[in-house]
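data.cif follows; it contains mmCIF, C-alpha atoms (C1' of nucleotides).
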```cif
data_final
loop_
_atom_site.label_atom_id
_atom_site.label_comp_id
_atom_site.auth_asym_id
_atom_site.auth_seq_id
_atom_site.Cartn_x
_atom_site.Cartn_y
_atom_site.Cartn_z
CA MET A 1 20.26 -24.69 36.25
CA ALA A 2 20.76 -26.40 32.95
CA GLY A 3 20.13 -23.61 30.46
CA ARG A 4 17.26 -24.38 28.18
CA ASP A 5 18.54 -26.31 25.24
CA LYS A 6 18.56 -24.16 22.19
CA PRO A 7 17.47 -26.46 19.43
CA ARG A 8 19.92 -25.06 16.93
CA THR A 9 18.76 -27.69 14.61
CA LEU A 10 15.31 -29.11 14.21
CA TRP A 11 14.50 -32.68 14.78
CA PRO A 12 13.54 -34.22 11.43
CA ALA A 13 9.82 -34.58 11.79
CA GLU A 14 9.68 -31.07 13.16
CA ALA A 15 11.35 -29.82 10.03
CA ALA A 16 8.92 -31.80 7.95
CA VAL A 17 5.97 -30.38 9.77
CA SER A 18 7.11 -26.81 9.44
CA ASP A 19 7.78 -27.43 5.84
CA VAL A 20 4.40 -28.79 5.10
CA VAL A 21 2.75 -25.97 6.95
CA GLY A 22 4.95 -23.58 5.04
CA ARG A 23 3.76 -25.03 1.82
CA LEU A 24 0.14 -24.94 2.82
CA ILE A 25 0.47 -21.37 3.86
CA GLU A 26 2.29 -20.38 0.73
CA PHE A 27 -0.40 -21.94 -1.22
CA TRP A 28 -2.81 -19.71 0.58
CA GLY A 29 -0.89 -16.74 -0.56
CA PHE A 30 1.51 -16.08 2.26
CA LYS A 31 5.21 -16.47 2.30
CA ARG A 32 6.46 -19.89 2.97
CA ASN A 33 8.71 -18.68 5.71
CA MET A 34 5.81 -17.28 7.59
CA GLY A 35 4.45 -20.76 7.85
CA ARG A 36 7.74 -22.27 8.77
CA VAL A 37 8.56 -19.77 11.44
CA TRP A 38 5.13 -19.89 12.91
CA THR A 39 5.25 -23.66 13.07
CA VAL A 40 8.58 -23.77 14.79
CA LEU A 41 7.28 -21.37 17.37
CA TYR A 42 4.06 -23.27 17.69
CA LEU A 43 5.89 -26.47 18.38
CA SER A 44 8.32 -25.01 20.79
CA PRO A 45 7.58 -25.50 24.47
CA GLU A 46 9.09 -22.12 25.20
CA PRO A 47 9.34 -18.88 23.28
CA LEU A 48 12.24 -18.58 20.93
CA SER A 49 14.54 -15.76 20.06
CA ALA A 50 15.13 -14.44 16.59
CA GLU A 51 18.49 -16.08 16.70
CA ASP A 52 17.07 -19.47 17.55
CA LEU A 53 14.88 -19.20 14.52
CA ARG A 54 17.70 -18.05 12.39
CA HIS A 55 19.59 -21.18 13.24
CA SER A 56 16.85 -23.71 13.14
CA LEU A 57 15.53 -22.58 9.81
CA LYS A 58 18.76 -21.33 8.28
CA LEU A 59 17.50 -17.89 7.53
CA SER A 60 19.30 -14.61 7.41
CA SER A 61 18.79 -12.20 10.25
CA GLY A 62 16.91 -9.90 7.95
CA ALA A 63 14.54 -12.59 6.84
CA VAL A 64 13.79 -13.56 10.40
CA SER A 65 13.12 -10.02 11.38
CA MET A 66 10.84 -9.42 8.45
CA THR A 67 9.01 -12.67 8.83
CA LEU A 68 8.40 -12.02 12.48
CA SER A 69 7.09 -8.61 11.76
CA ASP A 70 4.76 -10.00 9.12
CA LEU A 71 3.56 -12.58 11.54
CA SER A 72 3.01 -9.99 14.21
CA ARG A 73 1.11 -7.83 11.83
CA TRP A 74 -1.17 -10.76 11.22
CA GLY A 75 -1.40 -11.26 14.93
CA VAL A 76 -0.35 -14.86 14.82
CA VAL A 77 2.82 -14.44 16.81
CA ARG A 78 3.48 -12.33 19.81
CA ARG A 79 6.51 -10.90 21.44
CA VAL A 80 7.32 -12.13 24.87
CA TRP A 81 9.75 -10.77 27.38
CA ILE A 82 11.74 -13.21 29.30
CA GLN A 83 13.02 -12.46 32.73
CA GLY A 84 16.53 -11.18 32.55
CA GLU A 85 17.05 -11.82 28.86
CA ARG A 86 18.26 -9.13 26.62
CA LYS A 87 16.83 -10.54 23.39
CA ASP A 88 13.25 -10.50 22.35
CA PHE A 89 11.43 -13.76 22.36
CA TYR A 90 8.48 -14.82 20.34
CA ALA A 91 5.64 -17.22 20.82
CA ALA A 92 3.03 -18.45 18.40
CA GLU A 93 -0.63 -17.84 18.83
CA ILE A 94 -1.82 -21.27 19.73
CA GLN A 95 -5.53 -20.77 19.36
CA LEU A 96 -5.74 -21.99 15.86
CA TRP A 97 -9.27 -20.97 15.15
CA ARG A 98 -8.92 -17.55 16.52
CA MET A 99 -5.95 -17.14 14.31
CA ILE A 100 -7.57 -18.45 11.23
CA SER A 101 -10.61 -16.37 11.63
CA ARG A 102 -8.60 -13.24 12.05
CA VAL A 103 -6.61 -13.96 8.95
CA PHE A 104 -9.65 -14.79 6.91
CA LYS A 105 -11.30 -11.66 7.94
CA GLU A 106 -8.51 -9.41 6.91
CA ARG A 107 -7.39 -11.07 3.85
CA GLU A 108 -10.06 -12.90 1.99
CA LYS A 109 -12.70 -10.43 2.72
CA THR A 110 -10.96 -7.55 1.07
CA GLU A 111 -10.38 -9.56 -2.05
CA VAL A 112 -13.90 -10.79 -2.17
CA THR A 113 -15.23 -7.35 -1.51
CA LEU A 114 -13.24 -5.91 -4.35
CA ALA A 115 -14.63 -8.53 -6.63
CA ILE A 116 -18.15 -7.82 -5.53
CA GLU A 117 -17.71 -4.18 -6.28
CA ALA A 118 -16.33 -4.86 -9.70
CA PHE A 119 -19.22 -7.16 -10.48
CA GLU A 120 -21.76 -4.66 -9.38
CA GLU A 121 -20.16 -1.95 -11.39
CA ALA A 122 -20.16 -4.15 -14.47
CA LEU A 123 -23.79 -5.02 -13.95
CA SER A 124 -24.82 -1.45 -13.74
CA GLN A 125 -23.03 -0.67 -16.97
CA LEU A 126 -24.61 -3.63 -18.65
CA ASP A 127 -27.95 -2.61 -17.45
CA ARG A 128 -27.79 0.41 -19.66
CA ALA A 129 -26.80 -1.73 -22.64
CA ARG A 130 -29.79 -3.91 -22.04
CA LYS A 131 -32.00 -1.11 -23.19
CA SER A 132 -30.32 -0.93 -26.57
CA ALA A 133 -32.51 -0.79 -29.65
CA ASP A 134 -30.73 -3.56 -31.47
CA PRO A 135 -32.27 -6.82 -30.31
CA GLU A 136 -29.07 -8.67 -31.06
CA ALA A 137 -27.11 -6.39 -28.78
CA ARG A 138 -29.82 -6.67 -26.21
CA ALA A 139 -29.61 -10.41 -26.17
CA ARG A 140 -25.91 -10.31 -25.64
CA ALA A 141 -26.14 -7.82 -22.87
CA ASN A 142 -28.74 -9.97 -21.21
CA LEU A 143 -26.60 -13.02 -21.36
CA ARG A 144 -23.65 -11.24 -19.90
CA TYR A 145 -25.81 -9.71 -17.26
CA GLU A 146 -27.00 -13.15 -16.36
CA ARG A 147 -23.55 -14.54 -16.07
CA ILE A 148 -22.05 -11.74 -14.12
CA SER A 149 -24.97 -12.04 -11.77
CA GLN A 150 -23.95 -15.60 -11.18
CA LEU A 151 -20.46 -14.51 -10.33
CA LEU A 152 -21.82 -11.89 -8.05
CA GLU A 153 -24.00 -14.36 -6.30
CA LEU A 154 -21.09 -16.68 -5.88
CA ALA A 155 -18.93 -13.95 -4.46
CA LYS A 156 -21.64 -12.99 -2.04
CA LEU A 157 -22.05 -16.55 -0.98
CA GLY A 158 -18.34 -16.65 -0.38
CA ARG A 159 -18.47 -13.55 1.69
CA ARG A 160 -21.29 -14.81 3.79
CA LEU A 161 -19.45 -18.05 4.29
CA LEU A 162 -16.39 -16.18 5.45
CA ASP A 163 -18.47 -14.12 7.78
CA GLY A 164 -19.90 -17.26 9.16
CA LEU A 165 -16.54 -18.79 9.71
CA VAL A 166 -15.18 -15.71 11.27
CA SER A 167 -17.98 -14.99 13.62
CA THR A 168 -18.34 -18.55 14.71
CA ALA A 169 -14.65 -19.13 15.12
CA LYS A 170 -14.17 -16.06 17.13
CA VAL A 171 -15.97 -17.75 19.91
CA ASP A 172 -14.61 -21.22 19.76
CA ALA A 173 -13.72 -24.12 17.58
CA GLU A 174 -16.38 -26.49 18.75
CA PRO A 175 -19.46 -24.79 17.42
CA LEU A 176 -17.59 -24.14 14.26
CA ALA A 177 -16.89 -27.76 13.72
CA ARG A 178 -20.51 -28.50 14.28
CA PHE A 179 -21.50 -25.75 11.97
CA LEU A 180 -19.32 -27.13 9.26
CA LEU A 181 -19.91 -30.78 9.69
CA GLY A 182 -23.03 -31.36 11.59
CA GLN A 183 -25.47 -30.83 8.83
CA ARG A 184 -24.48 -32.81 5.89
CA SER A 185 -27.35 -34.82 4.47
CA MET B 1 -24.81 -13.07 -43.05
CA ALA B 2 -23.11 -10.53 -40.83
CA GLY B 3 -20.10 -12.41 -39.50
CA ARG B 4 -20.05 -12.56 -35.74
CA ASP B 5 -18.34 -9.51 -34.41
CA LYS B 6 -14.94 -10.37 -33.10
CA PRO B 7 -14.56 -8.32 -29.98
CA ARG B 8 -10.92 -7.52 -30.63
CA THR B 9 -11.04 -5.32 -27.67
CA LEU B 10 -12.96 -5.77 -24.48
CA TRP B 11 -15.53 -3.37 -23.31
CA PRO B 12 -14.26 -1.71 -20.15
CA ALA B 13 -16.35 -3.37 -17.51
CA GLU B 14 -15.63 -6.69 -19.13
CA ALA B 15 -11.95 -6.04 -18.77
CA ALA B 16 -12.47 -5.07 -15.18
CA VAL B 17 -14.39 -8.21 -14.44
CA SER B 18 -11.84 -10.48 -16.02
CA ASP B 19 -9.19 -8.68 -14.15
CA VAL B 20 -10.79 -9.05 -10.82
CA VAL B 21 -11.45 -12.69 -11.44
CA GLY B 22 -7.86 -13.03 -12.52
CA ARG B 23 -6.71 -11.59 -9.27
CA LEU B 24 -8.99 -13.73 -7.22
CA ILE B 25 -7.83 -16.77 -9.03
CA GLU B 26 -4.22 -15.85 -8.71
CA PHE B 27 -4.72 -15.38 -5.09
CA TRP B 28 -5.97 -18.91 -4.96
CA GLY B 29 -2.77 -20.08 -6.47
CA PHE B 30 -3.48 -20.19 -10.16
CA LYS B 31 -2.10 -18.04 -12.85
CA ARG B 32 -3.80 -14.77 -13.34
CA ASN B 33 -4.23 -15.38 -17.02
CA MET B 34 -6.19 -18.48 -16.35
CA GLY B 35 -8.74 -16.38 -14.59
CA ARG B 36 -8.76 -13.73 -17.24
CA VAL B 37 -9.12 -16.09 -20.12
CA TRP B 38 -11.77 -18.10 -18.43
CA THR B 39 -13.74 -14.99 -17.66
CA VAL B 40 -13.62 -13.69 -21.17
CA LEU B 41 -14.90 -17.00 -22.39
CA TYR B 42 -17.50 -17.13 -19.71
CA LEU B 43 -18.83 -13.76 -20.67
CA SER B 44 -18.83 -14.41 -24.33
CA PRO B 45 -22.12 -15.35 -25.93
CA GLU B 46 -20.30 -17.57 -28.36
CA PRO B 47 -17.14 -19.62 -28.19
CA LEU B 48 -13.96 -17.77 -29.00
CA SER B 49 -10.88 -18.73 -30.90
CA ALA B 50 -7.38 -18.56 -29.58
CA GLU B 51 -6.83 -15.57 -31.74
CA ASP B 52 -9.81 -13.72 -30.33
CA LEU B 53 -8.37 -14.23 -26.90
CA ARG B 54 -4.97 -13.19 -28.02
CA HIS B 55 -6.38 -9.89 -29.12
CA SER B 56 -8.77 -9.17 -26.39
CA LEU B 57 -6.29 -9.88 -23.66
CA LYS B 58 -3.12 -8.88 -25.44
CA LEU B 59 -1.36 -12.13 -24.94
CA SER B 60 1.16 -13.91 -27.07
CA SER B 61 0.04 -16.92 -29.00
CA GLY B 62 2.10 -19.13 -26.78
CA ALA B 63 0.55 -17.76 -23.64
CA VAL B 64 -2.93 -18.31 -24.98
CA SER B 65 -2.19 -21.82 -25.95
CA MET B 66 -0.67 -22.67 -22.61
CA THR B 67 -3.38 -21.00 -20.66
CA LEU B 68 -6.03 -22.82 -22.61
CA SER B 69 -4.34 -26.09 -22.06
CA ASP B 70 -4.10 -25.40 -18.35
CA LEU B 71 -7.74 -24.52 -18.28
CA SER B 72 -8.63 -27.66 -20.15
CA ARG B 73 -6.59 -29.74 -17.83
CA TRP B 74 -8.62 -28.31 -15.01
CA GLY B 75 -11.72 -29.02 -16.99
CA VAL B 76 -13.02 -25.49 -16.79
CA VAL B 77 -12.89 -24.81 -20.48
CA ARG B 78 -13.78 -27.01 -23.36
CA ARG B 79 -12.93 -27.09 -26.98
CA VAL B 80 -15.77 -26.62 -29.37
CA TRP B 81 -15.89 -27.22 -33.08
CA ILE B 82 -17.70 -24.73 -35.11
CA GLN B 83 -19.30 -25.66 -38.35
CA GLY B 84 -17.00 -24.90 -41.20
CA GLU B 85 -14.36 -23.13 -39.15
CA ARG B 86 -10.80 -24.21 -39.35
CA LYS B 87 -9.73 -22.82 -35.99
CA ASP B 88 -10.48 -24.32 -32.66
CA PHE B 89 -12.93 -22.53 -30.49
CA TYR B 90 -13.26 -22.59 -26.78
CA ALA B 91 -16.06 -22.17 -24.35
CA ALA B 92 -16.03 -21.81 -20.61
CA GLU B 93 -17.63 -24.26 -18.29
CA ILE B 94 -20.55 -22.29 -17.07
CA GLN B 95 -21.67 -24.43 -14.21
CA LEU B 96 -19.77 -22.61 -11.59
CA TRP B 97 -20.24 -25.04 -8.79
CA ARG B 98 -19.37 -28.04 -10.76
CA MET B 99 -16.24 -26.31 -11.75
CA ILE B 100 -15.31 -25.20 -8.31
CA SER B 101 -15.88 -28.56 -6.83
CA ARG B 102 -13.71 -30.21 -9.40
CA VAL B 103 -10.92 -27.81 -8.78
CA PHE B 104 -11.15 -28.11 -5.06
CA LYS B 105 -11.05 -31.79 -5.29
CA GLU B 106 -7.94 -31.94 -7.33
CA ARG B 107 -6.01 -29.22 -5.86
CA GLU B 108 -6.71 -28.57 -2.27
CA LYS B 109 -7.18 -32.14 -1.39
CA THR B 110 -3.73 -33.19 -2.44
CA GLU B 111 -2.19 -30.42 -0.42
CA VAL B 112 -4.24 -31.19 2.58
CA THR B 113 -3.57 -34.86 2.26
CA LEU B 114 0.13 -34.30 2.14
CA ALA B 115 -0.12 -32.25 5.27
CA ILE B 116 -2.10 -34.91 7.01
CA GLU B 117 0.49 -37.48 6.20
CA ALA B 118 3.30 -35.33 7.46
CA PHE B 119 1.46 -34.71 10.69
CA GLU B 120 0.78 -38.34 11.24
CA GLU B 121 4.35 -39.24 10.58
CA ALA B 122 5.52 -36.63 13.04
CA LEU B 123 3.11 -37.89 15.64
CA SER B 124 4.30 -41.40 15.34
CA GLN B 125 7.88 -40.30 15.77
CA LEU B 126 6.96 -38.24 18.76
CA ASP B 127 5.10 -41.08 20.24
CA ARG B 128 8.33 -42.92 20.68
CA ALA B 129 9.91 -39.91 22.34
CA ARG B 130 7.05 -39.76 24.78
CA LYS B 131 8.35 -42.92 26.39
CA SER B 132 11.70 -41.35 27.16
CA ALA B 133 13.11 -41.79 30.65
CA ASP B 134 13.86 -38.14 31.16
CA PRO B 135 10.70 -36.52 32.45
CA GLU B 136 11.76 -33.20 31.05
CA ALA B 137 12.03 -34.65 27.58
CA ARG B 138 8.77 -36.44 28.07
CA ALA B 139 6.97 -33.27 28.90
CA ARG B 140 8.26 -31.61 25.79
CA ALA B 141 7.32 -34.51 23.62
CA ASN B 142 3.88 -34.45 25.08
CA LEU B 143 3.38 -30.83 24.41
CA ARG B 144 4.47 -31.19 20.84
CA TYR B 145 2.32 -34.22 20.41
CA GLU B 146 -0.59 -32.23 21.65
CA ARG B 147 0.01 -29.39 19.28
CA ILE B 148 0.62 -31.45 16.23
CA SER B 149 -2.57 -33.28 17.04
CA GLN B 150 -4.35 -29.99 16.85
CA LEU B 151 -2.91 -29.35 13.45
CA LEU B 152 -3.89 -32.78 12.37
CA GLU B 153 -7.38 -32.30 13.57
CA LEU B 154 -7.60 -29.04 11.77
CA ALA B 155 -6.34 -30.55 8.56
CA LYS B 156 -8.85 -33.35 8.83
CA LEU B 157 -11.61 -30.92 9.43
CA GLY B 158 -10.48 -29.11 6.33
CA ARG B 159 -10.51 -32.27 4.35
CA ARG B 160 -13.95 -33.21 5.46
CA LEU B 161 -15.14 -29.77 4.64
CA LEU B 162 -13.73 -30.06 1.16
CA ASP B 163 -15.32 -33.41 0.74
CA GLY B 164 -18.57 -31.91 1.80
CA LEU B 165 -18.30 -29.11 -0.67
CA VAL B 166 -17.30 -31.38 -3.43
CA SER B 167 -19.91 -34.00 -2.96
CA THR B 168 -22.67 -31.52 -2.44
CA ALA B 169 -21.67 -29.29 -5.28
CA LYS B 170 -21.39 -32.13 -7.69
CA VAL B 171 -25.10 -32.37 -7.64
CA ASP B 172 -26.12 -28.81 -7.70
CA ALA B 173 -25.62 -25.37 -6.32
CA GLU B 174 -28.86 -25.06 -4.47
CA PRO B 175 -28.38 -27.65 -1.79
CA LEU B 176 -24.89 -26.40 -1.37
CA ALA B 177 -26.02 -22.92 -0.67
CA ARG B 178 -28.45 -24.24 1.85
CA PHE B 179 -25.78 -26.39 3.35
CA LEU B 180 -23.51 -23.44 3.78
CA LEU B 181 -25.93 -20.84 4.85
CA GLY B 182 -29.04 -22.41 6.13
CA GLN B 183 -27.83 -23.33 9.53
CA ARG B 184 -26.14 -20.46 11.10
CA SER B 185 -27.44 -19.81 14.60
"C1'" DA C 1 3.44 -34.88 -51.39
"C1'" DC C 2 3.10 -29.92 -50.61
"C1'" DG C 3 1.35 -25.66 -48.85
"C1'" DT C 4 -1.55 -23.23 -45.87
"C1'" DG C 5 -3.38 -22.04 -41.57
"C1'" DC C 6 -3.42 -22.93 -37.01
"C1'" DT C 7 -1.58 -24.84 -32.64
"C1'" DT C 8 1.93 -26.34 -29.53
"C1'" DT C 9 6.43 -26.33 -27.60
"C1'" DC C 10 10.37 -24.56 -25.44
"C1'" DA C 11 14.56 -21.90 -24.64
"C1'" DA C 12 15.44 -17.31 -23.73
"C1'" DA C 13 13.87 -13.02 -21.87
"C1'" DT C 14 11.19 -10.53 -18.77
"C1'" DC C 15 9.03 -9.61 -14.65
"C1'" DA C 16 7.95 -10.38 -9.68
"C1'" DT C 17 9.03 -12.11 -5.32
"C1'" DT C 18 12.02 -13.45 -1.78
"C1'" DT C 19 16.41 -13.48 0.45
"C1'" DT C 20 20.62 -11.73 1.74
"C1'" DG C 21 23.89 -9.13 4.30
"C1'" DA C 22 25.89 -5.06 5.42
"C1'" DA C 23 24.73 -0.61 7.34
"C1'" DC C 24 22.22 1.72 10.55
"C1'" DA C 25 19.53 2.18 14.92
"C1'" DC C 26 18.42 1.24 19.50
"C1'" DT C 27 19.24 -0.07 24.33
"C1'" DC C 28 21.43 -1.43 28.16
"C1'" DC C 29 25.09 -1.31 30.91
"C1'" DG C 30 29.92 -0.09 32.58
"C1'" DC D 1 30.04 8.55 26.63
"C1'" DG D 2 31.35 4.11 24.36
"C1'" DG D 3 30.79 -0.50 23.19
"C1'" DA D 4 28.48 -4.94 23.05
"C1'" DG D 5 24.58 -7.22 21.72
"C1'" DT D 6 20.24 -7.11 19.10
"C1'" DG D 7 16.83 -5.57 15.96
"C1'" DT D 8 15.45 -3.34 11.62
"C1'" DT D 9 15.92 -1.60 7.03
"C1'" DC D 10 16.89 -1.62 2.36
"C1'" DA D 11 19.36 -2.00 -1.96
"C1'" DA D 12 21.27 -5.50 -4.45
"C1'" DA D 13 21.33 -10.41 -5.65
"C1'" DA D 14 19.16 -14.71 -6.15
"C1'" DT D 15 15.53 -17.27 -7.18
"C1'" DG D 16 11.29 -18.38 -9.16
"C1'" DA D 17 7.39 -17.66 -12.23
"C1'" DT D 18 5.47 -16.03 -16.40
"C1'" DT D 19 5.67 -14.51 -21.09
"C1'" DT D 20 7.44 -14.24 -25.48
"C1'" DG D 21 8.26 -15.47 -30.18
"C1'" DA D 22 10.35 -18.25 -33.32
"C1'" DA D 23 10.52 -22.87 -34.74
"C1'" DA D 24 8.46 -27.33 -35.08
"C1'" DG D 25 4.23 -29.99 -35.49
"C1'" DC D 26 -0.35 -31.19 -37.35
"C1'" DA D 27 -4.19 -31.65 -40.24
"C1'" DC D 28 -6.53 -30.61 -43.99
"C1'" DG D 29 -7.36 -29.63 -48.86
"C1'" DT D 30 -5.44 -29.81 -53.41
#
```
Let me see the file written as structure tokens.
Amino acid sequence: MAGRDKPRTLWPAEAAVSDVVGRLIEFWGFKRNMGRVWTVLYLSPEPLSAEDLRHSLKLSSGAVSMTLSDLSRWGVVRRVWIQGERKDFYAAEIQLWRMISRVFKEREKTEVTLAIEAFEEALSQLDRARKSADPEARARANLRYERISQLLELAKLGRRLLDGLVSTAKVDAEPLARFLLGQRS
Amino acid sequence: MAGRDKPRTLWPAEAAVSDVVGRLIEFWGFKRNMGRVWTVLYLSPEPLSAEDLRHSLKLSSGAVSMTLSDLSRWGVVRRVWIQGERKDFYAAEIQLWRMISRVFKEREKTEVTLAIEAFEEALSQLDRARKSADPEARARANLRYERISQLLELAKLGRRLLDGLVSTAKVDAEPLARFLLGQRS
DNA sequence: ACGTGCTTTCAAATCATTTTGAACACTCCG
DNA sequence: CGGAGTGTTCAAAATGATTTGAAAGCACGT
């Protein structure tokens, strides 16, 4: 019966939405196409094939394949087999918070952790300099120590915040929202 | 009396710190050099001239000038006049939270706001489609409506969160830290 | 008004990322 | 086995971002 309509071309607002998500995502350091592809999948009532995506977003086959594999690696898209179809089909993870928390965990945390290590390393070096005989040099070392400590503290705060997001979001969105919004003065 | 030493070359851990901050900052969508320059200034006991920066970071004069003007535009660096010096000197904003909140405000909020608008527009278009005669089409429109609403909700949550950060941080770091960390289960 | 010292601008060059498309690989049938 | 239909890879091309450096601009002192 009436084969599913392949939306070879996106309806305008759909294009706009995927675009804006693409931008947002790019801005967060991913490839724009990841956002666009994910969004198209997210908005599609049924899973789509690579070819569908190729048409609706005007991408090359290679790009689609790579984007999908990126998205899978991030666990935000999954492969789906459809009864009697030869092609692979893909569906978006629709649990937004689960998705976000996973991504945060992987991505931001490594960066932040690197930073924390660098700060600690710098502090330990400075600590030696703080013992210098020259009071002038000592003062400088102290000031730098002070400031790097601030950065370190900030980074740690960031990490704890991420942890909070991640662990709360893993469970569900609701408590997260409360966590984030409930307690403003 | 002993002219201030111009640190033509950075001490290793200092370089590492500016680098890691550069990366972090890049990762947040700014230019790496913005992070590096800001860090060098932040760690310097006294304001530095464009030339100092040019040497310590091995940048061209043009790059330094542009980076500084970017940083000024973001309000994270300020120009400082030094008694009897012809050159301009620059100092980093050292109130980290104030800085962060300003940046958030400007930058993330516009992105998020754009997204919100796009989502709302899409919803209103879909809303018309939801009245379609064809029940099949109606179901699809409903599903999409549902999902875009989720995105919208998420974006709004993000915006409120940013607002929270911004308004809290404007005052001071302390309450912010408590806001973020105090209330985890 | 001119020269000096410094800063800013901007077109061209460089460097990095993303995209393409053609070649290869796999799988499912006949 | 062979071929059709798909999926993946990868080197080359396109695009996009950043950096350079030379030239133009400014401001100050003479």
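The neighbours of DT20 (chain C) here are the residues that come within 10 Å of it, using all atoms listed in the file and leaving out any residue fewer than 2 positions away in the same chain; they are Leu59, Ser60, Ser61, Gly62 and Ala63 of chain A; DT18 and DA22 of chain C; DA12, DA13 and DA14 of chain D.
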Could the residues in this selection be written to a file with C-alpha atoms (C1' of nucleotides), as a PDB file, in the coordinates of the input?
```
ATOM      1  CA  LEU A  59      17.500 -17.890   7.530  1.00  0.00           C
ATOM      2  CA  SER A  60      19.300 -14.610   7.410  1.00  0.00           C
ATOM      3  CA  SER A  61      18.790 -12.200  10.250  1.00  0.00           C
ATOM      4  CA  GLY A  62      16.910  -9.900   7.950  1.00  0.00           C
ATOM      5  CA  ALA A  63      14.540 -12.590   6.840  1.00  0.00           C
TER       6      ALA A  63
ATOM      7  C1'  DT C  18      12.020 -13.450  -1.780  1.00  0.00           C
ATOM      8  C1'  DA C  22      25.890  -5.060   5.420  1.00  0.00           C
TER       9       DA C  22
ATOM     10  C1'  DA D  12      21.270  -5.500  -4.450  1.00  0.00           C
ATOM     11  C1'  DA D  13      21.330 -10.410  -5.650  1.00  0.00           C
ATOM     12  C1'  DA D  14      19.160 -14.710  -6.150  1.00  0.00           C
TER      13       DA D  14
END
```
Kindly determine which residues of chain D lie within 8 Å of chain A, considering all atoms listed in the file, and give the answer as a list of chain:residue names.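 Listed by rising number, the hits are D:DT6, D:DG7, D:DT8.
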Target residues per the PyMOL selection byres ((chain B and resi 89) around 8), formatted as a ChimeraX atom specification: /B:47-50,79-82,87-88,90-91
Can those selected residues be exported to a file as a PDB file, in the coordinates of the input so that it contains C-alpha atoms?
```
ATOM      1  CA  PRO B  47     -17.140 -19.620 -28.190  1.00  0.00           C
ATOM      2  CA  LEU B  48     -13.960 -17.770 -29.000  1.00  0.00           C
ATOM      3  CA  SER B  49     -10.880 -18.730 -30.900  1.00  0.00           C
ATOM      4  CA  ALA B  50      -7.380 -18.560 -29.580  1.00  0.00           C
ATOM      5  CA  ARG B  79     -12.930 -27.090 -26.980  1.00  0.00           C
ATOM      6  CA  VAL B  80     -15.770 -26.620 -29.370  1.00  0.00           C
ATOM      7  CA  TRP B  81     -15.890 -27.220 -33.080  1.00  0.00           C
ATOM      8  CA  ILE B  82     -17.700 -24.730 -35.110  1.00  0.00           C
ATOM      9  CA  LYS B  87      -9.730 -22.820 -35.990  1.00  0.00           C
ATOM     10  CA  ASP B  88     -10.480 -24.320 -32.660  1.00  0.00           C
ATOM     11  CA  TYR B  90     -13.260 -22.590 -26.780  1.00  0.00           C
ATOM     12  CA  ALA B  91     -16.060 -22.170 -24.350  1.00  0.00           C
TER      13      ALA B  91
END
```
Hey, what's within 12 Å of DA23 (chain D) if we count all atoms listed in the file and toss same-chain stuff fewer than 3 positions away? As a ChimeraX atom specification, please? /C:8-11
Apply the PyMOL selection byres ((chain A and resi 100) around 12) to the displayed file and report the matching residues as a count of residues only. 31
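For chain A, the residues having at least one atom no farther than 6 Å from chain B, when counting all atoms listed in the file, are A:Ala13, A:Val20, A:Leu43, A:Ala115, A:Ala122, A:Arg144.
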The PyMOL selection byres ((chain C) within 10 of (chain A)) applied to the shown file, residues as a PDB file with C-alpha atoms (C1' of nucleotides), in the frame of the given file:
```pdb
ATOM      1  C1'  DT C  17       9.030 -12.110  -5.320  1.00  0.00           C
ATOM      2  C1'  DT C  18      12.020 -13.450  -1.780  1.00  0.00           C
ATOM      3  C1'  DT C  19      16.410 -13.480   0.450  1.00  0.00           C
ATOM      4  C1'  DT C  20      20.620 -11.730   1.740  1.00  0.00           C
ATOM      5  C1'  DG C  21      23.890  -9.130   4.300  1.00  0.00           C
ATOM      6  C1'  DT C  27      19.240  -0.070  24.330  1.00  0.00           C
ATOM      7  C1'  DC C  28      21.430  -1.430  28.160  1.00  0.00           C
TER       8       DC C  28
END
```
May I ask for the distance between CA of Gly22 (chain A) and CA of Val37 (chain A), given in Å to one decimal place?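 Going from CA of Gly22 (chain A) over to CA of Val37 (chain A) covers 8.3 Å.
For the atom pair formed by CA of Arg130 (chain A) and CA of Lys156 (chain A), the distance is 23.4 Å, given to one decimal.
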Which centre and edge lengths in Å to one decimal define the box along x, y and z that fits every listed atom of region 66-81 of chain B plus 5 Å per side, as lines of an AutoDock Vina configuration file?
```
center_x = -8.3
center_y = -25.4
center_z = -24.0
size_x = 25.2
size_y = 18.7
size_z = 28.1
```
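Those residues that approach DC28 (chain D) to within 12 Å, counting only C-alpha atoms (C1' of nucleotides), are B:Glu85, B:Arg86, B:Lys87, C:DC2, C:DG3, C:DT4, C:DG5, C:DC6; same-chain residues fewer than 4 positions away are not listed.
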Tell me, in Å to one decimal, how far C1' of DG29 (chain D) is from CA of Val77 (chain B).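 Between C1' of DG29 (chain D) and CA of Val77 (chain B) the gap works out to 29.3 Å.
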